[in-house]
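Visitor: Questions regarding the structure given below will be posed in turn.
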Amino acid sequence: MPKESFIINRIRSVGFAAKGALLLIKTEPSIKIQVFITVVVTAAGFYFDISNIEWALQTIAIAMVLGTEGMNTAVEKLADFIHPDHDPKIGFIKDVSAGAVMLVSIAASIVGLIIYIPRLL
């Protein structure tokens, strides 16, 4: 069997990644809320005409929250697959993963407050 070309392999990888992102959005309630917040703060960015630096910070904050939530979901699904029954060690792993999402979300909220509070006052 001939080896796939690098380009075809990359295109296929992007397809798998896009499928994963859509699965995440379709199946996880928390990511639906985060995507809604993303739309709201993006609209606010246009409305308040935020600077390029503020756009960069907002984009990084959004990406960190969504990416961390995706990893948290993957960790939880994997943990449930490996050990479907309640186990304190699995619970610890899932709690730490959820805690990472919380920490990133707090930081992203602070970025949002720094950008938008002066405009709202």
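Labeling convention for the structure tokens: chains A, B, ... as they appear, residues from 1 per chain, ligands from 1 in order of appearance.
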Using 10 Å as the limit and counting only C-alpha atoms, can you tabulate each residue of stretch 64-108 of chain A that touches stretch 13-25 of chain A, with its shortest atom-to-atom distance in Å and the two atoms involved, as a tab-separated table?
Guide:
```
residue	atom	partner	partner_atom	distance
A:Leu66	CA	A:Ala21	CA	9.6
A:Gly67	CA	A:Ala21	CA	9.6
A:Glu69	CA	A:Leu24	CA	9.0
A:Gly70	CA	A:Leu24	CA	6.8
A:Thr73	CA	A:Leu24	CA	7.9
A:Ala74	CA	A:Leu24	CA	9.2
```
Visitor: Filtering to N, CA, C and O atoms, could you give me those residues as a PDB file, in the first residue's frame?
Guide:
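Result file follows (again-v7.pdb):
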```pdb
ATOM      1  N   LEU A  66     -11.720  27.321  25.883  1.00  0.00           N
ATOM      2  CA  LEU A  66     -12.302  26.278  25.040  1.00  0.00           C
ATOM      3  C   LEU A  66     -11.370  25.070  24.920  1.00  0.00           C
ATOM      4  O   LEU A  66     -11.825  23.922  24.969  1.00  0.00           O
ATOM      5  N   GLY A  67     -10.086  25.331  24.766  1.00  0.00           N
ATOM      6  CA  GLY A  67      -9.125  24.234  24.660  1.00  0.00           C
ATOM      7  C   GLY A  67      -9.026  23.429  25.939  1.00  0.00           C
ATOM      8  O   GLY A  67      -8.990  22.193  25.916  1.00  0.00           O
ATOM      9  N   GLU A  69     -11.326  23.184  28.236  1.00  0.00           N
ATOM     10  CA  GLU A  69     -12.596  22.459  28.389  1.00  0.00           C
ATOM     11  C   GLU A  69     -12.596  21.203  27.517  1.00  0.00           C
ATOM     12  O   GLU A  69     -13.077  20.146  27.939  1.00  0.00           O
ATOM     13  N   GLY A  70     -12.055  21.315  26.322  1.00  0.00           N
ATOM     14  CA  GLY A  70     -11.956  20.138  25.458  1.00  0.00           C
ATOM     15  C   GLY A  70     -11.085  19.062  26.076  1.00  0.00           C
ATOM     16  O   GLY A  70     -11.427  17.870  26.068  1.00  0.00           O
ATOM     17  N   THR A  73     -12.933  17.433  28.976  1.00  0.00           N
ATOM     18  CA  THR A  73     -13.922  16.480  28.495  1.00  0.00           C
ATOM     19  C   THR A  73     -13.251  15.180  28.070  1.00  0.00           C
ATOM     20  O   THR A  73     -13.736  14.084  28.399  1.00  0.00           O
ATOM     21  N   ALA A  74     -12.126  15.289  27.369  1.00  0.00           N
ATOM     22  CA  ALA A  74     -11.400  14.089  26.938  1.00  0.00           C
ATOM     23  C   ALA A  74     -10.919  13.278  28.135  1.00  0.00           C
ATOM     24  O   ALA A  74     -11.045  12.044  28.155  1.00  0.00           O
TER      25      ALA A  74
END
```
Visitor: With a distance cut-off of 10 Å and only C-alpha atoms, select the neighbouring residues of stretch 86-100 of chain A, excluding the residue or stretch itself and same-chain residues fewer than 6 positions from it, and output the selection as a ChimeraX atom specification.
Guide: /A:65,68-69,71-80,106
Visitor: To one decimal place in Å, what is the distance between atom CA of A:Ala43 and atom CA of A:Ile31?
Guide: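 Those two atoms sit 18.1 Å apart.
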